[in-house]
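Below is one structure, written out as structure tokens; comments come after it.
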Amino acid sequence: MAKLKLENLNKTYNRTTIPVKDISLNVEDGEFLTLLGPSGCGKSTTLRLIAGLEEPTHGSIFIGGKDVTALKPGDRNISMVFQSYALYPHMTVYENMASALRLRKVSSEEIQRRVSEASRFLDLKQDLMNRKPGQLSGGQRQRVALGRALVRQPDVFLLDEPLSNLDALLRERVRAEIKQLFEQQQAPVVYVTHDQVEAMTLSTKVAVLYEGDVQQLDPPDRLYFRPANQFVAGFVGSPQMNLITLSCQGKAAVLGNTKIPLPSGIETPRHVVLGVRPEDLRLAAPEDDLKVSARVFLVENLGMQNLLSVRVAGTGDDENAIVLRSLLPADCKWDSEDLDFTFSLESLHWFDIESGDRLGD
């Protein structure tokens, strides 16, 4: 049985506000699950339900096979790391890390052992242990919050956007530390973020949420290469996937002056949504059969690559033309010029125009 199991979990505040809609999922020992989605999608509410900080309207929560839905937070043996760190400002680092153990009446010797072990692992030097949170940097406070969670030896770790208060460089470093840290832990981890880079780099699987519903639950690479619907396709990936509505003629979709064959198994619709990632849209070579002509109107320098925005020829005037974005190497320079682009048929994604669901495979 899964270490953490959510069964038809639902939270309703009123008839029109339903932040969590019948979520069911399992998280095994050693798995790192990220709840990913935009603000207001229900990810933090789901975490608070698991922690016992909110009561579900209906549904059940199981930890280690035990129904904990009605238990208080302190009786669930979970550790939670908050966005604000939630450290006690009047306590030293050592006292913050030891506080939960003291409440559980763990012996002084065992507290010393666990705190020492966690502080060594997190590279919290001895000279920091007697400081108070106000004397620490943001990265150090984050390590203390993680250390306090570790010493409890919980059945489940819960992390609510723990990197959002850090600057970009520190966030990247602490993210790598979190990955290494939890690769050595056996308890399941549930991590909440709106940052897809965190989700893709940290997780063994990701649940993408939108308006309280799980849109897709899969390993990160499957989210990227086989998004289940148009929302996941547009949310996962940076720069964002190109998503364009095309009319169909026979067994092909029409993009400007180019006909793109539809995959076998798709009944010919009147319209379809085509998805192509900017990194899959490349300059065409003379021998390429499939070519899309377009005119460059914006170049964004991303360092190692340039992000080109282009208007597709034959799709209308400048205001109405279909716009695509392409990632190309930075060793070439472009201005307002006409270029031919191509892509492999295998890299394309097709979605139903009404439901948004993936078509074909």
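Lettering and numbering for the structure tokens are positional, with chains as A, B, ... in the shown order, residues counted from 1 in each chain, and ligands counted from 1 in the shown order.
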
Selection near His194 of chain A, 12 Å with only C-alpha atoms, sequence-local residues under 4 positions removed, as a PyMOL selection string: chain A and resi 34-44+160-164+198-200+206-210+235-236

Closest contacts (segment 71-163 of chain A/segment 170-187 of chain A, max 10 Å, only C-alpha atoms) as a Markdown table:
```
| residue | atom | partner | partner_atom | distance |
| --- | --- | --- | --- | --- |
| A:Ile78 | CA | A:Ala187 | CA | 9.8 |
| A:Phe121 | CA | A:Leu181 | CA | 8.1 |
| A:Leu122 | CA | A:Leu181 | CA | 8.2 |
| A:Gly138 | CA | A:Leu170 | CA | 8.5 |
| A:Gly139 | CA | A:Leu170 | CA | 6.8 |
| A:Gln140 | CA | A:Val174 | CA | 9.7 |
| A:Gln142 | CA | A:Val174 | CA | 8.3 |
| A:Arg143 | CA | A:Val174 | CA | 8.4 |
| A:Leu146 | CA | A:Ile178 | CA | 8.7 |
| A:Leu150 | CA | A:Gln185 | CA | 9.1 |
| A:Gln153 | CA | A:Ala187 | CA | 8.4 |
| A:Pro154 | CA | A:Ala187 | CA | 7.1 |
| A:Asp155 | CA | A:Ala187 | CA | 5.6 |
| A:Val156 | CA | A:Ala187 | CA | 5.5 |
| A:Phe157 | CA | A:Ala187 | CA | 6.9 |
| A:Pro162 | CA | A:Arg171 | CA | 9.4 |
| A:Leu163 | CA | A:Arg171 | CA | 5.8 |
```

Can you tell me which residues surround Ser293 of chain A at a distance of at most 12 Å, considering only C-alpha atoms, apart from same-chain residues fewer than 4 positions away, and format the answer as an mmCIF file with C-alpha atoms, in the first residue's frame?
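Saved to result-v7.cif:
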```
data_model
loop_
_atom_site.group_PDB
_atom_site.id
_atom_site.type_symbol
_atom_site.label_atom_id
_atom_site.label_comp_id
_atom_site.auth_asym_id
_atom_site.auth_seq_id
_atom_site.Cartn_x
_atom_site.Cartn_y
_atom_site.Cartn_z
ATOM 1 C CA LEU A 255 -0.562 26.554 -41.803
ATOM 2 C CA GLY A 256 -0.170 29.477 -44.206
ATOM 3 C CA ASN A 257 0.884 27.992 -47.510
ATOM 4 C CA THR A 258 1.878 24.669 -45.964
ATOM 5 C CA LEU A 281 11.052 24.786 -34.817
ATOM 6 C CA ARG A 282 14.338 25.076 -36.752
ATOM 7 C CA LEU A 283 15.629 26.696 -39.925
ATOM 8 C CA ALA A 284 14.809 24.657 -43.008
ATOM 9 C CA VAL A 310 7.981 35.370 -36.569
ATOM 10 C CA ARG A 311 4.789 36.006 -38.511
ATOM 11 C CA VAL A 312 3.761 33.139 -40.767
ATOM 12 C CA ALA A 313 3.329 34.096 -44.411
ATOM 13 C CA GLY A 314 -0.145 33.660 -45.869
ATOM 14 C CA THR A 315 -1.991 33.931 -42.541
ATOM 15 C CA ILE A 322 -0.157 33.610 -36.923
ATOM 16 C CA VAL A 323 2.882 34.176 -34.713
ATOM 17 C CA LEU A 324 5.394 31.433 -33.908
ATOM 18 C CA GLU A 337 13.958 39.100 -42.747
ATOM 19 C CA ASP A 338 12.124 36.205 -44.367
ATOM 20 C CA LEU A 339 13.115 32.704 -43.279
ATOM 21 C CA ASP A 340 11.911 29.166 -43.915
ATOM 22 C CA PHE A 341 11.294 26.951 -40.903
ATOM 23 C CA THR A 342 10.700 23.229 -40.556
#
```

DSSP strand (DSSP E) residues within segment 105-244 of chain A, listed as an MDAnalysis selection string: chainID A and resid 156:160 189:193 205:210 213:218 242:244

Residue neighbourhood Thr268 of chain A, 10 Å, only C-alpha atoms, exclusion window fewer than 3 positions, as a list in words: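 Non-adjacent residues within range: Cys248, Gln249, Gly250, Lys251, Ala252, Ala253, Leu262, Pro263, Ser264, Gly265, His271 and Val272 of chain A.
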
Separation of atom CA of Arg114 of chain A from atom CA of Val151 of chain A in Å: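 Interatomic distance, atom CA of Val151 of chain A to atom CA of Arg114 of chain A: 5.5 Å.
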
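The two atoms in question, atom CA of Ala51 of chain A and atom CA of Ile111 of chain A, are spaced 23.4 Å apart.
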
Nearest to Leu217 of chain A by atom-to-atom distance, counting only C-alpha atoms, from A:Leu243, A:Ile353, A:Val115, A:Ile23: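 Going through A:Leu243, A:Ile353, A:Val115, A:Ile23 one by one, the smallest distance to Leu217 of chain A is for A:Ile23.
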
Atomic separation - atom CA of Leu328 of chain A relative to atom CA of Gln305 of chain A, Å: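 Result for atom CA of Gln305 of chain A versus atom CA of Leu328 of chain A: 5.6 Å, one decimal.
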
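Remark: for Trp334 of chain A, the closest of the candidate residues A:Ala149, A:Met304, A:Ala321, A:Val296 is A:Val296 (distances computed over only C-alpha atoms).
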
Counting only C-alpha atoms, the residue of A:Gln240, A:Ser355, A:Ser24, A:Thr12 that sits nearest Glu54 of chain A: A:Thr12
